[in-house]
$ cat data-v2.cif   # mmCIF, C-alpha atoms
data_model
#
loop_
_atom_site.label_atom_id
_atom_site.label_comp_id
_atom_site.auth_asym_id
_atom_site.auth_seq_id
_atom_site.Cartn_x
_atom_site.Cartn_y
_atom_site.Cartn_z
CA MET S 10 -209.52 -99.44 4.31
CA TRP S 11 -211.17 -96.19 5.40
CA ARG S 12 -208.86 -95.93 8.43
CA ARG S 13 -205.82 -96.39 6.24
CA ILE S 14 -206.97 -93.66 3.86
CA VAL S 15 -207.66 -91.24 6.73
CA ASN S 16 -204.33 -92.05 8.43
CA SER S 17 -202.41 -91.53 5.19
CA ILE S 18 -204.11 -88.15 4.66
CA TYR S 19 -203.31 -87.04 8.21
CA THR S 20 -199.73 -88.27 7.88
CA PHE S 21 -199.34 -86.34 4.61
CA MET S 22 -200.77 -83.20 6.23
CA ASP S 23 -198.41 -83.53 9.21
CA ASP S 24 -195.47 -83.27 6.82
CA PHE S 25 -196.43 -79.62 6.16
CA THR S 26 -196.47 -78.62 9.84
CA GLU S 27 -193.51 -76.79 11.39
CA GLU S 28 -191.45 -78.73 13.86
CA PRO S 29 -190.14 -77.07 17.03
CA GLU S 30 -186.45 -76.24 16.93
CA GLU S 31 -184.44 -78.76 18.88
CA GLN S 32 -181.23 -77.70 20.52
CA ASN S 33 -178.41 -79.84 19.27
CA GLU S 34 -175.83 -80.42 21.96
CA ASN S 35 -173.15 -81.12 19.39
CA GLU S 36 -173.60 -78.08 17.15
CA ASP S 37 -169.87 -77.60 16.64
CA GLY S 38 -169.48 -81.13 15.31
CA GLU S 39 -166.75 -83.57 16.22
CA PRO S 40 -163.76 -82.35 18.22
CA LEU S 41 -160.58 -81.40 16.38
CA THR S 42 -158.12 -84.30 16.21
CA VAL S 43 -154.89 -84.79 14.29
CA LYS S 44 -156.01 -88.15 12.89
CA GLN S 45 -159.28 -86.71 11.60
CA LEU S 46 -157.51 -83.85 9.82
CA GLY S 47 -155.23 -86.17 7.91
CA SER S 48 -157.80 -88.89 7.10
CA ASP S 49 -160.42 -86.46 5.76
CA LEU S 50 -158.08 -84.83 3.27
CA LYS S 51 -156.20 -87.95 2.18
CA PRO S 52 -158.70 -89.27 -0.43
CA TYR S 53 -158.90 -85.92 -2.22
CA ILE S 54 -155.14 -85.37 -2.14
CA ASP S 55 -154.46 -88.91 -3.40
CA THR S 56 -156.93 -88.47 -6.28
CA ILE S 57 -155.41 -85.17 -7.37
CA LYS S 58 -151.86 -86.49 -7.13
CA GLY S 59 -152.86 -89.64 -9.03
CA ILE S 60 -154.20 -87.56 -11.93
CA GLN S 61 -151.06 -85.42 -11.87
CA GLN S 62 -148.83 -88.51 -12.02
CA LEU S 63 -150.88 -89.91 -14.91
CA LEU S 64 -150.51 -86.71 -16.94
CA ALA S 65 -146.84 -86.38 -15.95
CA TRP S 66 -146.01 -89.78 -17.53
CA LYS S 67 -144.62 -91.25 -14.30
CA THR S 68 -145.56 -94.68 -15.74
CA PRO S 69 -145.14 -94.21 -19.51
CA SER S 70 -146.79 -97.46 -20.58
CA TYR S 71 -149.91 -96.86 -18.48
CA THR S 72 -150.21 -93.21 -19.55
CA LEU S 73 -149.80 -94.20 -23.21
CA LEU S 74 -152.54 -96.82 -22.83
CA MET S 75 -154.90 -94.26 -21.24
CA PHE S 76 -154.11 -91.75 -24.00
CA MET S 77 -154.91 -94.30 -26.75
CA ILE S 78 -158.15 -95.33 -25.03
CA TYR S 79 -159.13 -91.67 -24.73
CA LEU S 80 -158.50 -90.99 -28.44
CA ILE S 81 -160.38 -94.11 -29.55
CA ALA S 82 -163.34 -93.18 -27.33
CA ILE S 83 -163.39 -89.65 -28.78
CA TRP S 84 -163.10 -90.83 -32.41
CA HIS S 85 -165.94 -93.34 -32.01
CA GLY S 86 -168.13 -91.00 -29.96
CA CYS S 87 -168.32 -93.28 -26.93
CA PHE S 88 -166.37 -91.23 -24.37
CA VAL S 89 -169.33 -91.02 -21.96
CA SER S 90 -169.87 -94.78 -22.26
CA VAL S 91 -166.22 -95.42 -21.38
CA ILE S 92 -166.52 -93.22 -18.26
CA LEU S 93 -169.67 -95.05 -17.17
CA PHE S 94 -167.97 -98.40 -17.79
CA CYS S 95 -165.05 -97.35 -15.58
CA LEU S 96 -167.45 -96.39 -12.79
CA VAL S 97 -169.27 -99.72 -13.07
CA VAL S 98 -165.97 -101.62 -12.88
CA ARG S 99 -164.91 -99.57 -9.85
CA MET S 100 -168.21 -100.37 -8.07
CA MET S 101 -167.91 -104.08 -8.88
CA VAL S 102 -164.39 -104.22 -7.45
CA SER S 103 -165.57 -102.42 -4.30
CA TYR S 104 -168.45 -104.92 -3.95
CA LEU S 105 -166.10 -107.89 -4.25
CA ASN S 106 -163.80 -106.38 -1.61
CA HIS S 107 -166.87 -105.91 0.58
CA LEU S 108 -167.62 -109.65 0.25
CA GLY S 109 -164.13 -110.51 1.47
CA PHE S 110 -162.15 -110.91 -1.73
CA GLN S 111 -158.76 -109.18 -1.64
CA ILE S 112 -158.67 -107.46 -5.04
CA LYS S 113 -156.18 -104.63 -5.48
CA PHE S 114 -157.30 -102.59 -8.45
CA ASN S 115 -156.83 -98.82 -8.90
CA PHE S 116 -157.12 -96.61 -11.94
CA PHE S 117 -154.37 -94.42 -10.51
CA GLN S 118 -151.10 -95.61 -9.05
CA PRO S 119 -151.41 -95.68 -5.23
CA LEU S 120 -149.10 -93.32 -3.40
CA GLU S 121 -146.59 -94.60 -0.90
CA GLU S 122 -147.19 -93.25 2.56
CA GLN S 123 -144.20 -91.42 3.94
CA LYS S 124 -143.97 -92.00 7.66
CA VAL S 125 -142.26 -89.05 9.26
CA GLN S 126 -141.87 -88.63 12.98
CA ILE S 127 -143.54 -85.33 13.82
CA ASN S 128 -145.35 -84.11 16.91
CA LYS S 129 -149.07 -83.52 16.92
CA PHE S 130 -148.90 -79.74 17.20
CA SER S 131 -146.62 -79.39 14.17
CA LEU S 132 -148.84 -81.77 12.22
CA VAL S 133 -151.92 -79.69 13.01
CA ILE S 134 -150.12 -76.52 11.89
CA GLN S 135 -148.93 -78.23 8.70
CA VAL S 136 -152.38 -79.55 7.78
CA ALA S 137 -154.05 -76.24 8.65
CA ARG S 138 -151.54 -74.40 6.46
CA LYS S 139 -152.29 -76.72 3.54
CA VAL S 140 -156.03 -76.20 4.00
CA GLN S 141 -155.56 -72.43 4.19
CA ASN S 142 -153.38 -72.34 1.08
CA GLY S 143 -155.77 -74.60 -0.80
CA LEU S 144 -158.83 -72.56 0.10
CA GLY S 145 -156.93 -69.36 -0.73
CA ALA S 146 -155.97 -70.69 -4.16
CA ALA S 147 -159.57 -71.81 -4.78
CA ALA S 148 -160.89 -68.39 -3.73
CA ASP S 149 -158.39 -66.63 -6.01
CA GLY S 150 -159.47 -68.88 -8.88
CA LEU S 151 -163.15 -68.06 -8.35
CA GLU S 152 -162.33 -64.34 -8.17
CA LYS S 153 -160.38 -64.59 -11.43
CA ILE S 154 -163.37 -66.26 -13.09
CA GLN S 155 -165.64 -63.54 -11.69
CA SER S 156 -163.41 -60.80 -13.12
CA LEU S 157 -163.38 -62.63 -16.45
CA LEU S 158 -167.18 -62.79 -16.62
CA THR S 159 -167.76 -59.20 -15.39
CA TRP S 160 -165.61 -57.42 -18.01
CA LYS S 161 -162.92 -56.29 -15.56
CA THR S 162 -160.12 -57.40 -17.86
CA PRO S 163 -159.42 -57.11 -21.62
CA VAL S 164 -159.34 -60.92 -21.81
CA THR S 165 -163.15 -60.91 -21.54
CA LYS S 166 -163.40 -59.37 -25.01
CA LYS S 167 -161.38 -62.24 -26.51
CA LEU S 168 -163.55 -64.79 -24.71
CA PHE S 169 -166.71 -63.09 -25.96
CA MET S 170 -165.47 -63.07 -29.58
CA MET S 171 -164.47 -66.73 -29.34
CA LEU S 172 -167.88 -67.73 -27.94
CA LEU S 173 -169.61 -65.68 -30.63
CA ILE S 174 -167.61 -67.39 -33.39
CA CYS S 175 -168.35 -70.82 -31.91
CA PHE S 176 -172.05 -69.95 -31.70
CA ILE S 177 -172.15 -68.95 -35.38
CA MET S 178 -170.19 -72.02 -36.45
CA SER S 179 -172.54 -74.28 -34.50
CA PHE S 180 -175.19 -73.65 -37.18
CA THR S 181 -172.87 -74.84 -39.97
CA ALA S 182 -171.51 -78.08 -38.49
CA SER S 183 -172.87 -80.89 -36.35
CA MET S 184 -172.03 -81.36 -32.67
CA GLU S 185 -170.30 -84.65 -33.47
CA ASN S 186 -167.68 -82.83 -35.50
CA TYR S 187 -167.21 -80.26 -32.76
CA SER S 188 -166.85 -82.90 -30.06
CA TYR S 189 -164.38 -84.81 -32.23
CA ILE S 190 -162.18 -81.75 -32.85
CA MET S 191 -162.37 -80.36 -29.31
CA GLY S 192 -161.88 -83.76 -27.67
CA THR S 193 -158.82 -84.54 -29.79
CA PHE S 194 -157.27 -81.14 -29.11
CA LEU S 195 -158.00 -81.44 -25.37
CA GLY S 196 -156.41 -84.88 -25.18
CA ILE S 197 -153.26 -83.75 -27.00
CA LYS S 198 -153.09 -80.68 -24.77
CA MET S 199 -153.41 -82.64 -21.51
CA PHE S 200 -151.26 -85.67 -22.31
CA ILE S 201 -148.53 -84.26 -24.58
CA ILE S 202 -148.29 -80.46 -24.64
CA ASN S 203 -148.74 -79.98 -20.88
CA TYR S 204 -146.07 -82.62 -20.26
CA PHE S 205 -143.44 -80.49 -21.98
CA TYR S 206 -144.76 -77.31 -20.38
CA ASN S 207 -144.56 -78.78 -16.87
CA ARG S 208 -141.12 -80.24 -17.49
CA TYR S 209 -139.71 -77.04 -18.98
CA PRO S 210 -141.19 -74.04 -17.07
CA ARG S 211 -139.44 -71.50 -19.29
CA LEU S 212 -141.19 -72.98 -22.32
CA LYS S 213 -144.50 -72.77 -20.46
CA ARG S 214 -144.06 -69.10 -19.50
CA ARG S 215 -143.25 -68.16 -23.10
CA TYR S 216 -145.69 -70.19 -25.22
CA ASP S 217 -148.54 -71.44 -23.00
CA SER S 218 -151.35 -69.01 -23.84
CA THR S 219 -153.72 -70.57 -21.30
CA TYR S 220 -151.21 -70.11 -18.48
CA LYS S 221 -150.43 -66.51 -19.49
CA THR S 222 -154.13 -65.66 -19.76
CA TRP S 223 -154.84 -67.12 -16.33
CA GLN S 224 -151.98 -65.14 -14.78
CA GLN S 225 -153.33 -61.93 -16.32
CA LEU S 226 -156.76 -62.33 -14.72
CA PRO S 227 -156.98 -60.10 -11.61
CA THR S 228 -158.42 -61.05 -8.25
CA THR S 229 -160.78 -58.80 -6.29
CA VAL S 230 -157.90 -57.25 -4.34
CA GLU S 231 -155.93 -56.58 -7.52
CA CYS S 232 -158.99 -54.98 -9.16
CA GLU S 233 -159.43 -52.73 -6.14
CA GLN S 234 -155.76 -51.74 -6.17
CA LYS S 235 -155.94 -50.96 -9.87
CA MET S 236 -159.05 -48.86 -9.36
CA VAL S 237 -157.50 -46.94 -6.45
CA LYS S 238 -154.32 -46.35 -8.46
CA SER S 239 -156.31 -44.94 -11.40
CA GLU S 240 -158.24 -42.66 -9.02
CA ILE S 241 -155.07 -41.41 -7.35
CA ASN S 242 -153.29 -40.79 -10.66
CA LYS S 243 -155.95 -38.19 -11.51
CA PHE S 244 -154.69 -35.94 -8.71
CA ILE S 245 -150.91 -36.49 -8.86
CA LEU S 246 -149.19 -33.24 -9.71
CA SER S 247 -146.14 -32.91 -11.94
CA ASP S 248 -142.62 -32.88 -10.54
CA THR S 249 -140.98 -29.54 -9.91
CA GLU S 250 -137.92 -28.90 -12.04
CA THR S 251 -134.52 -28.73 -10.33
CA THR S 252 -132.06 -25.97 -11.15
CA SER S 253 -128.76 -27.80 -10.77
CA GLU S 254 -127.27 -31.27 -10.83
CA GLU S 255 -126.42 -31.06 -7.13
CA SER S 256 -129.99 -30.34 -6.11
CA ALA S 257 -131.19 -33.19 -8.33
CA SER S 258 -128.78 -35.65 -6.72
CA GLU S 259 -129.78 -34.45 -3.24
CA THR S 260 -133.48 -34.89 -3.96
CA SER S 261 -132.88 -38.36 -5.38
CA THR S 262 -130.98 -39.48 -2.27
CA LYS S 263 -133.68 -38.01 -0.05
CA THR S 264 -136.32 -39.82 -2.08
CA LYS S 265 -134.55 -43.13 -1.58
CA LYS S 266 -134.37 -42.56 2.18
CA ILE S 267 -138.04 -41.55 2.29
CA LYS S 268 -139.06 -44.65 0.36
CA ASP S 269 -137.27 -46.84 2.88
CA THR S 270 -138.67 -45.13 5.96
CA ASP S 271 -142.21 -44.35 4.78
CA ALA S 272 -143.16 -47.51 2.88
CA GLU S 273 -145.86 -48.20 5.46
CA PHE S 274 -147.31 -44.74 4.88
CA CYS S 275 -147.60 -45.29 1.12
CA GLN S 276 -149.18 -48.69 1.72
CA LEU S 277 -151.64 -47.23 4.26
CA PHE S 278 -153.00 -44.65 1.81
CA SER S 279 -152.39 -46.69 -1.38
CA LEU S 280 -150.09 -43.98 -2.71
CA PRO S 281 -147.20 -44.53 -5.13
CA ASN S 282 -143.65 -44.38 -3.79
CA SER S 283 -143.20 -40.92 -5.25
CA GLU S 284 -145.89 -39.59 -2.87
CA CYS S 285 -143.97 -40.02 0.38
CA PRO S 286 -144.16 -37.21 2.99
CA VAL S 287 -142.03 -34.19 2.13
CA SER S 288 -139.18 -32.95 4.28
CA GLY S 289 -140.37 -32.08 7.78
CA TRP S 290 -143.54 -34.17 7.53
CA GLN S 291 -142.07 -37.70 7.64
CA GLY S 292 -143.36 -38.50 11.12
CA GLY S 293 -146.57 -36.58 10.64
CA LYS S 294 -147.84 -33.65 12.69
CA ARG S 295 -150.21 -34.41 15.54
CA CYS S 296 -153.53 -32.62 15.20
CA SER S 297 -157.26 -33.00 15.66
CA LEU S 298 -160.01 -32.87 13.05
CA VAL S 299 -162.45 -30.28 14.42
CA ASN S 300 -166.22 -30.44 13.96
CA LYS S 301 -167.58 -27.00 14.87
CA GLU S 302 -171.15 -28.28 15.04
CA LYS S 303 -170.31 -30.42 18.08
CA SER S 304 -168.92 -29.61 21.50
CA VAL S 305 -165.24 -29.22 22.23
CA LEU S 306 -164.87 -32.75 23.64
CA SER S 307 -167.02 -34.70 21.18
CA GLY S 308 -166.07 -32.68 18.11
CA LEU S 309 -162.39 -33.62 18.03
CA LYS S 310 -160.87 -36.61 16.24
CA ASN S 311 -157.20 -37.09 17.00
CA GLY S 312 -154.69 -38.16 14.42
CA LYS S 313 -151.69 -37.14 12.34
CA LEU S 314 -151.40 -34.90 9.31
CA TYR S 315 -149.03 -35.73 6.43
CA LEU S 316 -148.07 -33.62 3.43
CA THR S 317 -146.91 -35.20 0.18
CA ARG S 318 -146.20 -33.65 -3.18
CA SER S 319 -149.84 -33.92 -4.28
CA PHE S 320 -151.93 -34.79 -1.19
CA LEU S 321 -152.66 -33.81 2.37
CA CYS S 322 -153.39 -37.01 4.34
CA PHE S 323 -155.04 -37.32 7.74
CA GLU S 324 -154.54 -40.59 9.65
CA ARG S 325 -156.97 -41.36 12.46
CA THR S 326 -155.35 -42.57 15.67
CA LYS S 327 -158.07 -44.86 17.00
CA THR S 328 -159.99 -46.03 13.95
CA PRO S 329 -157.86 -46.22 10.80
CA SER S 330 -158.86 -47.51 7.32
CA LYS S 331 -162.10 -45.90 6.13
CA LYS S 332 -161.76 -43.01 8.62
CA ASN S 333 -158.49 -41.83 7.07
CA ILE S 334 -158.88 -38.81 4.80
CA VAL S 335 -156.97 -37.90 1.63
CA VAL S 336 -157.19 -34.29 0.44
CA PRO S 337 -155.83 -33.64 -3.08
CA LEU S 338 -153.97 -30.33 -3.16
CA ALA S 339 -155.62 -29.66 -6.52
CA ASP S 340 -159.05 -29.69 -4.82
CA ILE S 341 -158.18 -26.91 -2.35
CA THR S 342 -159.60 -23.49 -3.14
CA GLU S 343 -158.57 -21.59 0.02
CA MET S 344 -156.35 -22.13 3.06
CA SER S 345 -156.11 -19.92 6.13
CA LYS S 346 -155.15 -19.88 9.78
CA ALA S 347 -158.16 -20.32 12.03
CA LYS S 348 -159.37 -20.32 15.62
CA PRO S 349 -162.42 -22.65 15.77
CA TYR S 350 -163.37 -21.85 19.40
CA ALA S 351 -163.34 -18.25 20.55
CA ILE S 352 -163.09 -19.19 24.22
CA LEU S 353 -159.56 -20.56 23.71
CA PRO S 354 -156.69 -18.14 24.41
CA GLY S 355 -154.19 -16.94 21.83
CA SER S 356 -154.47 -16.69 18.07
CA GLY S 357 -155.34 -20.33 17.59
CA MET S 358 -153.52 -23.49 16.51
CA SER S 359 -155.74 -24.53 13.58
CA ILE S 360 -155.62 -24.49 9.81
CA GLU S 361 -158.84 -24.25 7.82
CA ILE S 362 -159.09 -25.69 4.31
CA LYS S 363 -161.87 -25.08 1.81
CA LEU S 364 -162.40 -27.49 -1.07
CA VAL S 365 -164.08 -27.34 -4.42
CA GLY S 366 -167.80 -27.75 -3.71
CA GLY S 367 -167.76 -25.75 -0.47
CA LYS S 368 -166.71 -28.44 2.02
CA VAL S 369 -164.52 -27.13 4.86
CA PHE S 370 -161.99 -29.04 6.99
CA THR S 371 -160.46 -27.61 10.17
CA PHE S 372 -157.35 -29.23 11.61
CA GLY S 373 -156.67 -27.96 15.12
CA ALA S 374 -154.21 -28.43 17.99
CA ILE S 375 -151.25 -28.29 15.60
CA VAL S 376 -147.97 -27.60 17.40
CA TYR S 377 -145.94 -25.02 15.45
CA ARG S 378 -149.00 -24.14 13.42
CA ASP S 379 -147.33 -21.24 11.62
CA GLU S 380 -144.45 -23.40 10.34
CA ALA S 381 -146.90 -26.05 9.12
CA TYR S 382 -149.01 -23.39 7.39
CA ASP S 383 -145.95 -21.90 5.67
CA SER S 384 -144.91 -25.38 4.52
CA LEU S 385 -148.36 -25.99 3.02
CA ILE S 386 -148.32 -22.63 1.24
CA GLN S 387 -144.82 -23.34 -0.12
CA ALA S 388 -145.96 -26.74 -1.42
CA GLY S 389 -148.82 -25.02 -3.24
CA ILE S 390 -146.48 -22.38 -4.68
CA ASP S 391 -144.10 -25.08 -5.94
CA GLN S 392 -146.99 -26.64 -7.84
CA ALA S 393 -148.33 -23.21 -9.00
CA LEU S 394 -151.72 -23.81 -7.37
CA PRO S 395 -154.08 -20.78 -7.28
CA TRP S 396 -154.88 -20.99 -3.55
CA ALA S 397 -151.17 -20.61 -2.71
CA THR S 398 -150.06 -18.13 -5.39
CA GLY S 399 -152.96 -15.76 -4.74
CA VAL S 400 -154.43 -16.02 -8.24
CA PRO S 401 -158.24 -15.67 -8.00
CA LEU S 402 -160.15 -18.81 -8.93
CA SER S 403 -162.53 -18.88 -11.86
CA GLN S 404 -164.41 -21.60 -13.65
CA ASP S 405 -161.62 -21.81 -16.21
CA THR S 406 -158.88 -22.18 -13.58
CA LEU S 407 -160.65 -24.91 -11.61
CA PRO S 408 -158.60 -28.13 -11.62
CA THR S 409 -160.01 -30.58 -14.10
CA SER S 410 -159.35 -33.48 -11.75
CA SER S 411 -161.65 -32.01 -9.10
CA LEU S 412 -164.53 -31.86 -11.58
CA ARG S 413 -164.38 -35.58 -12.29
CA ARG S 414 -166.94 -37.77 -10.61
CA ARG S 415 -165.50 -40.42 -8.29
CA SER S 416 -167.90 -43.20 -9.21
CA SER S 417 -165.86 -45.90 -7.46
CA ALA S 418 -165.18 -44.05 -4.19
CA LYS S 419 -167.27 -46.52 -2.18
CA SER S 420 -165.02 -49.40 -3.24
CA ILE S 421 -161.91 -47.88 -1.59
CA SER S 422 -161.38 -49.72 1.68
CA ASN S 423 -158.42 -47.97 3.35
CA PHE S 424 -159.28 -44.26 3.09
CA THR S 425 -161.96 -41.75 2.08
CA TRP S 426 -161.62 -38.87 -0.34
CA ALA S 427 -162.13 -35.52 1.35
CA ALA S 428 -164.96 -34.62 -1.02
CA ASP S 429 -166.81 -37.84 -0.02
CA TYR S 430 -166.11 -37.70 3.71
CA THR S 431 -169.04 -37.46 6.13
CA ASP S 432 -168.72 -37.05 9.87
CA ALA S 433 -170.96 -39.96 10.84
CA ASP S 434 -169.34 -41.16 14.06
#

$ encode --input "data-v2.cif" --output "structure tokens"
Amino acid sequence: MWRRIVNSIYTFMDDFTEEPEEQNENEDGEPLTVKQLGSDLKPYIDTIKGIQQLLAWKTPSYTLLMFMIYLIAIWHGCFVSVILFCLVVRMMVSYLNHLGFQIKFNFFQPLEEQKVQINKFSLVIQVARKVQNGLGAAADGLEKIQSLLTWKTPVTKKLFMMLLICFIMSFTASMENYSYIMGTFLGIKMFIINYFYNRYPRLKRRYDSTYKTWQQLPTTVECEQKMVKSEINKFILSDTETTSEESASETSTKTKKIKDTDAEFCQLFSLPNSECPVSGWQGGKRCSLVNKEKSVLSGLKNGKLYLTRSFLCFERTKTPSKKNIVVPLADITEMSKAKPYAILPGSGMSIEIKLVGGKVFTFGAIVYRDEAYDSLIQAGIDQALPWATGVPLSQDTLPTSSLRRRSSAKSISNFTWAADYTDAD
């Protein structure tokens, strides 16, 4: 007896000791096979399709029977008991089949397997595409729920008011009444209303409030695009007025051509279609972003410079995305020709830009620097900006957009505002 007690104590104490990590030879799991891909997904796909066929009234008599059983269970308050009874029946049938009895019983109508002659490679691509689309739809759904619960959409306010009303009403009525009303409404919605909505899509798009609410919920990418658009709209300058109908027609045709040729540019910097590069800047001007604090070789970052109606954009050649820079023309306080390194011959090939707040950007190695400088000055004159017209800046003439705090600048993934840019690499 004493030995057993001591052994049990030692065995219990051994459970709290750390075991050495064992290298598993099969860490990646089973090898990828076509048969395994199809067999693993089949039970889930069959279950989902079976529920869809039940709610779509593919077998009207069976669906009507299930609908009546559901309503009776809700009215008598035994819905959970009915679900447990169905599970017990399913387990009993499985046990009898395990003993050798051939009993074919399914709650959902079994699907007929469609045998199609297809090679293994195409089957792998098809199954992988389905898995990718399914996981993508599930991820979008979770992101929509996240945006709903984090107040990123006006729908959250409606949900909050509805939950608040239900919370207040829960003190005035019993849960049995609530379960009766909600269960009846849910059954009618699933078995009857959704049937007409799925059969007539136009009716669904017009009257299905649940469907319309779900479509309005944004994903993470859509929230980011909306945020970037709102940030960019703060710095978009007004259109310059045209003096004649001919000039207006010419500018409209040029705008159409620019939109067709520079769609990738607008997508790269998340700019609207109206902010395409102006005439002479469509292909960009090769230049280098100069850092005077570093040496000549390490202080240069090659790229292209683009001028739009409201922005000056710098695209990095080697590392795009976050390293791209967007300079709002409204944030510029001074622009001048510059020569960053005195050892270089000539008058220089650089343009120096000073922003609100004192930050300075120097773009060097610009071919035809004087023409590019004149084009920048003309763009500022067209928009009546002080740094181009020669009007001295004061606190009253500072652009209001430049004084706004960019609280969401860190969430922008494809460029950096010039005021937030830091030369870290």

$ closest_residue --input "data-v2.cif" --among "S:Gln111, S:Tyr350, S:Phe116, S:Asp391" --to "S:Ile92" --atoms "only C-alpha atoms"
S:Phe116

$ residues_around --input "data-v2.cif" --residues "stretch 203-208 of chain S" --least-positions-apart "2" --cutoff "12 Å" --atoms "all atoms listed in the file" --output "mmCIF file with C-alpha atoms, keeping the file's coordinate frame"
data_model
loop_
_atom_site.group_PDB
_atom_site.id
_atom_site.type_symbol
_atom_site.label_atom_id
_atom_site.label_comp_id
_atom_site.auth_asym_id
_atom_site.auth_seq_id
_atom_site.Cartn_x
_atom_site.Cartn_y
_atom_site.Cartn_z
ATOM 1 C CA GLN S 61 -151.060 -85.420 -11.870
ATOM 2 C CA GLN S 62 -148.830 -88.510 -12.020
ATOM 3 C CA LEU S 63 -150.880 -89.910 -14.910
ATOM 4 C CA LEU S 64 -150.510 -86.710 -16.940
ATOM 5 C CA ALA S 65 -146.840 -86.380 -15.950
ATOM 6 C CA TRP S 66 -146.010 -89.780 -17.530
ATOM 7 C CA LYS S 67 -144.620 -91.250 -14.300
ATOM 8 C CA PRO S 69 -145.140 -94.210 -19.510
ATOM 9 C CA THR S 72 -150.210 -93.210 -19.550
ATOM 10 C CA PHE S 194 -157.270 -81.140 -29.110
ATOM 11 C CA LEU S 195 -158.000 -81.440 -25.370
ATOM 12 C CA GLY S 196 -156.410 -84.880 -25.180
ATOM 13 C CA ILE S 197 -153.260 -83.750 -27.000
ATOM 14 C CA LYS S 198 -153.090 -80.680 -24.770
ATOM 15 C CA MET S 199 -153.410 -82.640 -21.510
ATOM 16 C CA PHE S 200 -151.260 -85.670 -22.310
ATOM 17 C CA ILE S 201 -148.530 -84.260 -24.580
ATOM 18 C CA PRO S 210 -141.190 -74.040 -17.070
ATOM 19 C CA ARG S 211 -139.440 -71.500 -19.290
ATOM 20 C CA LEU S 212 -141.190 -72.980 -22.320
ATOM 21 C CA LYS S 213 -144.500 -72.770 -20.460
ATOM 22 C CA ARG S 214 -144.060 -69.100 -19.500
ATOM 23 C CA ARG S 215 -143.250 -68.160 -23.100
ATOM 24 C CA TYR S 216 -145.690 -70.190 -25.220
ATOM 25 C CA ASP S 217 -148.540 -71.440 -23.000
ATOM 26 C CA SER S 218 -151.350 -69.010 -23.840
ATOM 27 C CA THR S 219 -153.720 -70.570 -21.300
ATOM 28 C CA TYR S 220 -151.210 -70.110 -18.480
#

$ axis_aligned_box --input "data-v2.cif" --around "stretch 156-161 of chain S" --padding-each-side "4 Å" --output "lines of an AutoDock Vina configuration file"
center_x = -165.3
center_y = -59.5
center_z = -15.6
size_x = 12.8
size_y = 14.5
size_z = 12.9

$ residues_around --input "data-v2.cif" --residues "S:Val335" --least-positions-apart "2" --cutoff "9 Å" --atoms "all atoms listed in the file" --output "JSON, numbers by chain"
{"S": [278, 320, 321, 322, 323, 324, 333, 337, 424, 425, 426, 427]}

$ atom_distance --input "data-v2.cif" --atom1 "atom CA of S:Thr165" --atom2 "atom CA of S:Lys243"
25.9 Å

$ atom_distance --input "data-v2.cif" --atom1 "atom CA of S:Gly292" --atom2 "atom CA of S:Met344"
22.4 Å

$ atom_distance --input "data-v2.cif" --atom1 "atom CA of S:Gln155" --atom2 "atom CA of S:Gly143"
18.4 Å

$ closest_residue --input "data-v2.cif" --among "S:Ile360, S:Ala428, S:Gly86, S:Phe114" --to "S:Val98" --atoms "all atoms listed in the file"
S:Phe114

$ closest_residue --input "data-v2.cif" --among "S:Glu152, S:Pro163, S:Asn300, S:Gln387" --to "S:Val230" --atoms "all atoms listed in the file"
S:Glu152

$ resolve_selection --input "data-v2.cif" --expression "the PyMOL selection byres ((chain S and resi 399) around 12)" --output "PyMOL selection string"
chain S and resi 342-344+386+389-390+393-398+400-402

$ closest_residue --input "data-v2.cif" --among "S:Trp223, S:Tyr79, S:Phe372, S:Phe130" --to "S:Val91" --atoms "only C-alpha atoms"
S:Tyr79

$ resolve_selection --input "data-v2.cif" --expression "the PyMOL selection byres ((chain S and resi 83) around 12)" --output "ChimeraX atom specification"
/S:76-82,84-92,185-197

$ closest_residue --input "data-v2.cif" --among "S:Ser319, S:Thr229, S:Ser359, S:Asn423" --to "S:Thr159" --atoms "all atoms listed in the file"
S:Thr229

$ resolve_selection --input "data-v2.cif" --expression "the PyMOL selection byres ((chain S and resi 161) around 12)" --output "PyMOL selection string"
chain S and resi 152-160+162-166+225-229+231-233+235-236
